[in-house]
Structure formats: structure tokens, C-alpha cells
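Novice: Here it is, the structure, as C-alpha cells.
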Amino acid sequence: MEAKSKNKIHNINTNSDSLKKFTIPRKRTSDSAYLEICRTDWREYSFIQSTLEGSKLDSSYQLNLLWNFGDVKLVHNVKIEQRFAAKRSEMRQEGRRRKEMEEITFFFVTSHKTALKLYQDGLSINSSDINALGNPAYGVYLHRHIDVLLNYHKLNNLAAETVLFFKLHQLPQVIPLTHTSDGLD
């Protein structure tokens, strides 16, 4: 046998018309916020699934009993990302420890209408329907355990159409001083 079979050149018929029609998609770099559909074969989709499963207070609880998992969309908001990066940089300059710089995922459940407003403008006071912890006009209430949050919405007949993830920096614990009967703090 000849060695020519290894060096055989294959002729590939390229249709120039089909190449002309193909355009390389560009990532949006505008200042406005937009949503991007997250496909099931993406790394981000796996991260979202594992984060949801790992954030349950009761690990045996099935989330699909509380919420119908649908389309996953990634939020891209340049202004919010820049504020997040600036805060992280500020924390580094202040000499914060590595533990304080860790990102923690918190959840917020709302209607589609409110979610559309939140991804464009960011989270602010009065964004929540939940008032079990206090008046939503005085703060923003995010939750660490997704099953507790979804169960609360179900029990109180609140709209639970969209789950939003928020990455936050761990802040140092503040221990309030209380006034005791002997006058010592």
C-alpha cells in the first residue's frame, strides 16, 4: 500500500453564497440594559440550577412544587455592573478581608412586570410586596433560601412569576448595642 492515503487532500466545496449570508453575532455593548436567553448547554445555566438547589433550607424539598421553572435569561446592565465593580474596588482599597469580598447569592421573587423594571433600573426600596420583615419603604429584603421565599409567596397569594438572583458582597456583621436596666451598654 502506498503512503498517499495519509496525505490525501480533500476538496471542500464552499458555496460563496452561503458564506455571504452568514454574519457573526455581536455582543451588545450599549449602555442600556437587556436580557439574553440562557441556553441549557451554557455554563451559566448549570450555575443557576446548582445555585437554586444549593440555596434550599430544606434540601429534600422539591422546588418544582412551589414554582414552575421556565426560560432562563441573563441580565446585562452596564450601569449596575460598573457600580458593583466600583464598590468592589473601593472595598479592596479599604483593606477588606477576603471573606468580606466573597460574593453571596440572594434571591428576589416578583412578577414579570416588576422584574422588567428591576433589570433596567436596579433594586430600590418599595420594590417588594413582602412586608413580613417590616415596611418595604425602609429597605430592600432579599432572601438566602429560595424554598422559604417561594413558600412565603405561595402561602400569601403573591405573584411568583420571576426569580431574580443578586450577587452581593458579604458585609461585616454589625452587633447593635442594647441599653440594659443597669445603664451599661
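A note on labels: chains of the C-alpha cells are A, B, ... as shown, every chain counts residues from 1, and ligands are counted from 1 in their shown order.
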Could you list, as a PyMOL selection string, every residue within 8 Å of Cys38 in chain A, counting only C-alpha atoms and ignoring same-chain residues fewer than 6 positions away?

Specialist: chain A and resi 44-45+71-74

Novice: Mind checking which residues fall within 12 Å of Ser89 in chain A, counting only C-alpha atoms, ignoring those fewer than 6 positions away in the same chain, and posting them as a list in words?

Specialist: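 Neighbouring residues, sequence-local ones excluded: Gln82, Arg83, Gly95, Arg96, Met101 and His169 of chain A.
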
Novice: At a cut-off of 7 Å, can you tabulate as JSON lines every residue of range 46-95 of chain A near range 133-153 of chain A together with its closest atom pair and the distance in Å to one decimal, using only C-alpha atoms and ordering rows by chain then number?

Specialist:
{"residue": "A:Leu52", "atom": "CA", "partner": "A:Ile146", "partner_atom": "CA", "distance": 6.8}
{"residue": "A:Ser55", "atom": "CA", "partner": "A:His145", "partner_atom": "CA", "distance": 5.1}
{"residue": "A:Lys56", "atom": "CA", "partner": "A:His145", "partner_atom": "CA", "distance": 5.1}
{"residue": "A:Leu57", "atom": "CA", "partner": "A:His145", "partner_atom": "CA", "distance": 5.6}
{"residue": "A:Leu63", "atom": "CA", "partner": "A:Asp147", "partner_atom": "CA", "distance": 6.6}
{"residue": "A:Leu66", "atom": "CA", "partner": "A:Leu150", "partner_atom": "CA", "distance": 6.1}

Novice: Would you mind writing down, as a PyMOL selection string, each residue of range 75-169 of chain A that DSSP on the backbone assigns to alpha helix (DSSP H)?

Specialist: chain A and resi 78-93+98-101+112-121+146-155

Novice: Export, as a compact mmCIF listing (two decimals), in the first residue's frame, the selected residues with N, CA and C atoms.

Specialist:
# COMPACT_ATOMS: atom_id res chain seq x y z
N VAL A 78 -24.99 47.49 32.15
CA VAL A 78 -23.65 48.05 32.27
C VAL A 78 -23.54 48.99 33.47
N LYS A 79 -24.55 49.80 33.70
CA LYS A 79 -24.50 50.75 34.82
C LYS A 79 -24.43 50.03 36.16
N ILE A 80 -25.24 49.01 36.34
CA ILE A 80 -25.24 48.25 37.61
C ILE A 80 -23.93 47.49 37.76
N GLU A 81 -23.43 46.90 36.67
CA GLU A 81 -22.16 46.17 36.72
C GLU A 81 -21.01 47.10 37.09
N GLN A 82 -21.02 48.33 36.56
CA GLN A 82 -19.97 49.29 36.88
C GLN A 82 -20.04 49.72 38.35
N ARG A 83 -21.25 49.90 38.86
CA ARG A 83 -21.40 50.25 40.29
C ARG A 83 -20.90 49.11 41.17
N PHE A 84 -21.19 47.88 40.79
CA PHE A 84 -20.73 46.71 41.53
C PHE A 84 -19.20 46.64 41.54
N ALA A 85 -18.60 46.82 40.36
CA ALA A 85 -17.14 46.78 40.25
C ALA A 85 -16.49 47.92 41.04
N ALA A 86 -17.10 49.10 41.01
CA ALA A 86 -16.57 50.24 41.76
C ALA A 86 -16.62 49.98 43.26
N LYS A 87 -17.70 49.40 43.73
CA LYS A 87 -17.82 49.09 45.16
C LYS A 87 -16.79 48.03 45.56
N ARG A 88 -16.58 47.06 44.71
CA ARG A 88 -15.58 46.02 44.98
C ARG A 88 -14.19 46.64 45.05
N SER A 89 -13.88 47.54 44.14
CA SER A 89 -12.59 48.22 44.13
C SER A 89 -12.42 49.06 45.39
N GLU A 90 -13.48 49.76 45.78
CA GLU A 90 -13.45 50.57 47.00
C GLU A 90 -13.19 49.70 48.23
N MET A 91 -13.81 48.54 48.27
CA MET A 91 -13.62 47.62 49.40
C MET A 91 -12.17 47.13 49.45
N ARG A 92 -11.59 46.86 48.27
CA ARG A 92 -10.19 46.42 48.23
C ARG A 92 -9.27 47.52 48.76
N GLN A 93 -9.53 48.75 48.35
CA GLN A 93 -8.70 49.87 48.78
C GLN A 93 -8.83 50.12 50.29
N ARG A 98 -10.54 38.94 52.59
CA ARG A 98 -11.03 38.09 51.50
C ARG A 98 -12.46 37.60 51.78
N LYS A 99 -12.75 37.27 53.03
CA LYS A 99 -14.07 36.77 53.42
C LYS A 99 -15.15 37.82 53.13
N GLU A 100 -14.84 39.08 53.35
CA GLU A 100 -15.78 40.16 53.10
C GLU A 100 -15.97 40.44 51.62
N MET A 101 -15.01 40.00 50.81
CA MET A 101 -15.07 40.25 49.37
C MET A 101 -15.81 39.14 48.61
N HIS A 112 -43.53 39.44 36.48
CA HIS A 112 -42.76 39.76 35.27
C HIS A 112 -42.65 41.27 35.08
N LYS A 113 -43.73 41.97 35.32
CA LYS A 113 -43.76 43.42 35.13
C LYS A 113 -42.73 44.12 36.02
N THR A 114 -42.70 43.74 37.29
CA THR A 114 -41.73 44.34 38.22
C THR A 114 -40.31 43.93 37.85
N ALA A 115 -40.13 42.68 37.42
CA ALA A 115 -38.80 42.20 37.03
C ALA A 115 -38.23 43.01 35.87
N LEU A 116 -39.07 43.35 34.91
CA LEU A 116 -38.61 44.14 33.76
C LEU A 116 -38.11 45.51 34.21
N LYS A 117 -38.80 46.09 35.17
CA LYS A 117 -38.37 47.39 35.69
C LYS A 117 -37.07 47.25 36.49
N LEU A 118 -36.95 46.17 37.26
CA LEU A 118 -35.76 45.97 38.10
C LEU A 118 -34.49 45.75 37.29
N TYR A 119 -34.57 45.00 36.21
CA TYR A 119 -33.33 44.74 35.47
C TYR A 119 -32.85 45.98 34.75
N GLN A 120 -33.73 46.94 34.49
CA GLN A 120 -33.30 48.18 33.86
C GLN A 120 -32.83 49.21 34.86
N ASP A 121 -33.55 49.34 35.98
CA ASP A 121 -33.26 50.41 36.95
C ASP A 121 -32.48 49.94 38.17
N ILE A 146 -34.20 29.98 48.76
CA ILE A 146 -35.22 30.10 47.73
C ILE A 146 -36.49 29.36 48.10
N ASP A 147 -36.42 28.23 48.76
CA ASP A 147 -37.62 27.48 49.11
C ASP A 147 -38.48 28.23 50.13
N VAL A 148 -37.85 28.90 51.07
CA VAL A 148 -38.59 29.68 52.07
C VAL A 148 -39.30 30.85 51.38
N LEU A 149 -38.61 31.51 50.48
CA LEU A 149 -39.17 32.65 49.77
C LEU A 149 -40.35 32.24 48.88
N LEU A 150 -40.19 31.17 48.13
CA LEU A 150 -41.28 30.71 47.26
C LEU A 150 -42.47 30.22 48.07
N ASN A 151 -42.21 29.56 49.18
CA ASN A 151 -43.28 29.09 50.05
C ASN A 151 -44.05 30.28 50.64
N TYR A 152 -43.35 31.33 51.03
CA TYR A 152 -44.00 32.54 51.55
C TYR A 152 -44.93 33.14 50.49
N HIS A 153 -44.46 33.22 49.26
CA HIS A 153 -45.28 33.76 48.18
C HIS A 153 -46.52 32.91 47.95
N LYS A 154 -46.34 31.60 48.00
CA LYS A 154 -47.47 30.69 47.79
C LYS A 154 -48.51 30.84 48.90
N LEU A 155 -48.06 30.87 50.14
CA LEU A 155 -48.98 30.97 51.27
C LEU A 155 -49.72 32.30 51.32

Novice: Rounded to one decimal place, report the CA of Asn68 in chain A-CA of Val163 in chain A distance in Å.

Specialist: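 Separation between CA of Asn68 in chain A and CA of Val163 in chain A: 10.6 Å.
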